[in-house]
Amino acid sequence: MAQSGRLAGHVAIVTAAGQGIGEAIAKTFAREGARVAVVDLNRAEAERVAAAIGASAFAIEADVTRTPVVDAMVKAVVERWGSVDILVNAAGGFHRLAPITDISDEEWDKVITVNLKSTFLCSRAVAPLMIERKKGRIINIASGSGIAPNPYAPTYLPYGAAKAGVINFTKVLGRDLGQYGITVNAISPGTTATPRVVKVRDAESMKRIAEQNPMRALVQVEDTAEAALYLASPEARYVTGVNLNVNAGNLM
Ligand SMILES: NC(=O)c1ccc[n+]([C@@H]2O[C@H](COP(=O)([O-])OP(=O)(O)OC[C@H]3O[C@@H](n4cnc5c(N)ncnc54)[C@H](O)[C@@H]3O)[C@@H](O)[C@H]2O)c1
């Protein structure tokens, strides 16, 4: 178990840590000495990531869209490690592209719930612990789609709406919790070739993004993980309410 590092002694919860950006964040935080709860709907993937990290991680199977499940997940972390210093809300995403006329009520609710409501539920569950100790970091994984439609590829309406919600949720909660020494920030990654995204985005739009954005690059999961590390680190103690773009200039 790492005893040193920029997050030594800190306890972190990372949701959707079974793959993609969440996995990279969990591993980066562990590398820097944090103890990490690897939370995912998919038990096998959460266990794989926790095993790769070692003794400073444990896997929790949880659907972070369900209040009792979220509350039990936070309770399990507190029982094991005493408290929670850092929460990363990475659960989200979308699984298809569709025009407004094809989007049912159920589909709308599902996308808003996994991207936005989960962020609320997890933040609400850790807030009393952080308020009591007058310290804490909440990091929400938003998206460029929450700022504006992607200039090089389609943006999926419910996702764009949910992530815009996540960005303003970050500012309002950051203002409300600032008095307790808690920071709340968002990161908006650019399109990243995670297992889900390579299924949902056609190769042509991935290519357009990579070849036409200002830096002519696709960001990698590690780019977002290092940004999350900064926001979790002691150096960022007075950085709150920001939405940090990690997108090779895809959107500004
Ligand atoms: N990949 C990108 O291009 C990109 C860009 C911008 C923002 N993001 C955001 O980053 C986050 C992670 O996306 P990704 O592409 O790295 O991940 P991914 O879709 O590859 O993996 C997501 C993980 O989340 C888990 N998950 C899904 N629903 C869950 C739930 N209800 N409770 C707990 N776990 C759940 C899945 O089992 C999976 O392991 C999302 O919020 C996404 O919107 C991704």
# chains A, B, ... in the order shown; residues from 1 in each chain; ligands from 1
call {"tool": "residues_around", "arguments": {"residues": "segment 222-239 of chain A", "least_positions_apart": "2", "cutoff": "7 Å", "atoms": "only C-alpha atoms", "output": "VMD selection string"}}
result
chain A and resid 6 to 7 21 24 to 25 28 to 29 86 137 183 189 219 to 220 246
call {"tool": "closest_atom_pairs", "arguments": {"of": "chain A", "to": "ligand 1", "cutoff": "8 Å", "atoms": "only C-alpha atoms and all ligand atoms", "output": "tab-separated table"}}
result
residue	atom	partner	partner_atom_place_in_ligand_line	distance
A:Thr15	CA	ligand 1	33 (C)	5.9
A:Ala16	CA	ligand 1	24 (O)	3.5
A:Ala17	CA	ligand 1	39 (O)	6.1
A:Gly18	CA	ligand 1	39 (O)	4.1
A:Gln19	CA	ligand 1	39 (O)	4.5
A:Gly20	CA	ligand 1	16 (O)	3.5
A:Ile21	CA	ligand 1	16 (O)	3.6
A:Gly22	CA	ligand 1	12 (C)	5.9
A:Glu23	CA	ligand 1	16 (O)	7.7
A:Val39	CA	ligand 1	33 (C)	6.3
A:Asp40	CA	ligand 1	34 (N)	3.8
A:Leu41	CA	ligand 1	34 (N)	4.0
A:Asn42	CA	ligand 1	37 (O)	4.7
A:Glu45	CA	ligand 1	39 (O)	6.6
A:Ala46	CA	ligand 1	39 (O)	7.5
A:Glu61	CA	ligand 1	33 (C)	7.5
A:Ala62	CA	ligand 1	33 (C)	5.5
A:Asp63	CA	ligand 1	32 (N)	3.6
A:Val64	CA	ligand 1	32 (N)	4.1
A:Thr65	CA	ligand 1	31 (N)	5.1
A:Arg66	CA	ligand 1	31 (N)	7.8
A:Asn89	CA	ligand 1	41 (O)	7.3
A:Ala90	CA	ligand 1	41 (O)	4.5
A:Ala91	CA	ligand 1	41 (O)	4.5
A:Gly92	CA	ligand 1	41 (O)	3.4
A:Gly93	CA	ligand 1	43 (O)	3.4
A:Phe94	CA	ligand 1	43 (O)	6.8
A:Val114	CA	ligand 1	31 (N)	5.5
A:Asn115	CA	ligand 1	41 (O)	6.0
A:Ser118	CA	ligand 1	31 (N)	7.3
A:Ile141	CA	ligand 1	41 (O)	5.3
A:Ala142	CA	ligand 1	7 (C)	5.5
A:Ser143	CA	ligand 1	6 (C)	4.1
A:Gly144	CA	ligand 1	6 (C)	6.3
A:Ser145	CA	ligand 1	6 (C)	7.4
A:Tyr159	CA	ligand 1	43 (O)	7.7
A:Lys163	CA	ligand 1	43 (O)	7.6
A:Ser188	CA	ligand 1	6 (C)	5.8
A:Pro189	CA	ligand 1	6 (C)	4.3
A:Gly190	CA	ligand 1	5 (C)	5.0
A:Thr191	CA	ligand 1	3 (O)	3.4
A:Thr192	CA	ligand 1	3 (O)	3.6
A:Ala193	CA	ligand 1	1 (N)	5.8
A:Thr194	CA	ligand 1	20 (O)	4.7
A:Pro195	CA	ligand 1	20 (O)	4.7
A:Arg196	CA	ligand 1	20 (O)	4.4
A:Val197	CA	ligand 1	1 (N)	5.4
A:Val221	CA	ligand 1	16 (O)	7.1
call {"tool": "closest_residue", "arguments": {"among": "A:Thr119, A:Thr240, A:Asn150, A:Ser205", "to": "Gly178 of chain A", "atoms": "only C-alpha atoms"}}
result
A:Thr240
call {"tool": "closest_residue", "arguments": {"among": "A:Met206, A:Val111, A:Val70, A:Ile167", "to": "Ala125 of chain A", "atoms": "only C-alpha atoms"}}
result
A:Val70
call {"tool": "closest_residue", "arguments": {"among": "A:Ile60, A:Val77, A:Ala52, A:Ala153", "to": "Ala12 of chain A", "atoms": "only C-alpha atoms"}}
result
A:Val77
call {"tool": "atom_distance", "arguments": {"atom1": "atom CA of Leu97 of chain A", "atom2": "atom CA of Ala44 of chain A"}}
result
27.6 Å
call {"tool": "select_by_dssp", "arguments": {"residues": "segment 133-183 of chain A", "states": "helix (DSSP H, G or I)", "output": "list of chain:residue names"}}
result
A:Arg133, A:Gly144, A:Ser145, A:Gly146, A:Leu157, A:Pro158, A:Tyr159, A:Gly160, A:Ala161, A:Ala162, A:Lys163, A:Ala164, A:Gly165, A:Val166, A:Ile167, A:Asn168, A:Phe169, A:Thr170, A:Lys171, A:Val172, A:Leu173, A:Gly174, A:Arg175, A:Asp176, A:Leu177, A:Gly178, A:Gln179, A:Tyr180
call {"tool": "write_last_selection", "arguments": {"atoms": "N, CA and C atoms", "output": "CSV table (one decimal), in the first residue's frame"}}
result
chain,number,residue,atom,x,y,z
A,133,ARG,N,-16.4,17.4,9.2
A,133,ARG,CA,-14.9,17.4,9.3
A,133,ARG,C,-14.3,18.7,8.7
A,144,GLY,N,-17.7,18.0,-22.4
A,144,GLY,CA,-17.8,19.1,-23.3
A,144,GLY,C,-19.3,19.2,-23.8
A,145,SER,N,-20.0,18.1,-23.9
A,145,SER,CA,-21.4,18.1,-24.4
A,145,SER,C,-22.3,19.0,-23.5
A,146,GLY,N,-21.8,19.2,-22.2
A,146,GLY,CA,-22.6,20.0,-21.3
A,146,GLY,C,-22.3,21.5,-21.5
A,157,LEU,N,-28.9,14.7,-27.3
A,157,LEU,CA,-29.7,15.7,-26.5
A,157,LEU,C,-29.8,15.4,-25.0
A,158,PRO,N,-30.3,14.3,-24.5
A,158,PRO,CA,-30.4,14.1,-23.1
A,158,PRO,C,-29.1,14.2,-22.3
A,159,TYR,N,-28.1,13.7,-23.0
A,159,TYR,CA,-26.7,13.7,-22.4
A,159,TYR,C,-26.2,15.2,-22.3
A,160,GLY,N,-26.4,15.9,-23.4
A,160,GLY,CA,-25.9,17.3,-23.3
A,160,GLY,C,-26.7,18.1,-22.2
A,161,ALA,N,-28.0,17.8,-22.1
A,161,ALA,CA,-28.8,18.5,-21.0
A,161,ALA,C,-28.3,18.0,-19.7
A,162,ALA,N,-28.1,16.7,-19.5
A,162,ALA,CA,-27.7,16.2,-18.2
A,162,ALA,C,-26.3,16.8,-17.8
A,163,LYS,N,-25.4,16.8,-18.7
A,163,LYS,CA,-24.0,17.3,-18.3
A,163,LYS,C,-24.0,18.8,-18.1
A,164,ALA,N,-24.9,19.6,-18.8
A,164,ALA,CA,-25.0,21.0,-18.5
A,164,ALA,C,-25.5,21.1,-17.1
A,165,GLY,N,-26.4,20.2,-16.7
A,165,GLY,CA,-26.9,20.2,-15.3
A,165,GLY,C,-25.8,19.9,-14.3
A,166,VAL,N,-24.9,19.0,-14.7
A,166,VAL,CA,-23.8,18.6,-13.8
A,166,VAL,C,-22.9,19.8,-13.6
A,167,ILE,N,-22.7,20.6,-14.7
A,167,ILE,CA,-21.7,21.8,-14.6
A,167,ILE,C,-22.3,22.8,-13.6
A,168,ASN,N,-23.6,23.1,-13.7
A,168,ASN,CA,-24.2,24.1,-12.8
A,168,ASN,C,-24.4,23.6,-11.4
A,169,PHE,N,-24.7,22.3,-11.3
A,169,PHE,CA,-24.7,21.6,-10.0
A,169,PHE,C,-23.4,21.9,-9.3
A,170,THR,N,-22.3,21.7,-10.0
A,170,THR,CA,-21.0,21.9,-9.4
A,170,THR,C,-20.8,23.3,-8.9
A,171,LYS,N,-21.3,24.3,-9.6
A,171,LYS,CA,-21.1,25.7,-9.1
A,171,LYS,C,-22.0,26.0,-7.9
A,172,VAL,N,-23.2,25.5,-8.0
A,172,VAL,CA,-24.1,25.9,-6.9
A,172,VAL,C,-23.7,25.1,-5.6
A,173,LEU,N,-23.3,23.8,-5.8
A,173,LEU,CA,-22.9,23.1,-4.6
A,173,LEU,C,-21.5,23.6,-4.1
A,174,GLY,N,-20.7,24.0,-5.0
A,174,GLY,CA,-19.4,24.6,-4.6
A,174,GLY,C,-19.6,25.9,-3.8
A,175,ARG,N,-20.6,26.7,-4.2
A,175,ARG,CA,-20.9,27.9,-3.4
A,175,ARG,C,-21.4,27.5,-2.0
A,176,ASP,N,-22.4,26.5,-2.0
A,176,ASP,CA,-23.0,26.2,-0.7
A,176,ASP,C,-22.0,25.5,0.3
A,177,LEU,N,-21.1,24.8,-0.2
A,177,LEU,CA,-20.2,24.0,0.7
A,177,LEU,C,-18.9,24.7,0.9
A,178,GLY,N,-18.6,25.8,0.2
A,178,GLY,CA,-17.3,26.5,0.4
A,178,GLY,C,-17.1,26.9,1.8
A,179,GLN,N,-18.1,27.3,2.5
A,179,GLN,CA,-18.0,27.7,3.9
A,179,GLN,C,-17.5,26.6,4.9
A,180,TYR,N,-17.6,25.4,4.4
A,180,TYR,CA,-17.1,24.2,5.2
A,180,TYR,C,-15.7,23.7,4.7
call {"tool": "atom_distance", "arguments": {"atom1": "atom CA of Ile103 of chain A", "atom2": "atom CA of Asn140 of chain A"}}
result
25.5 Å
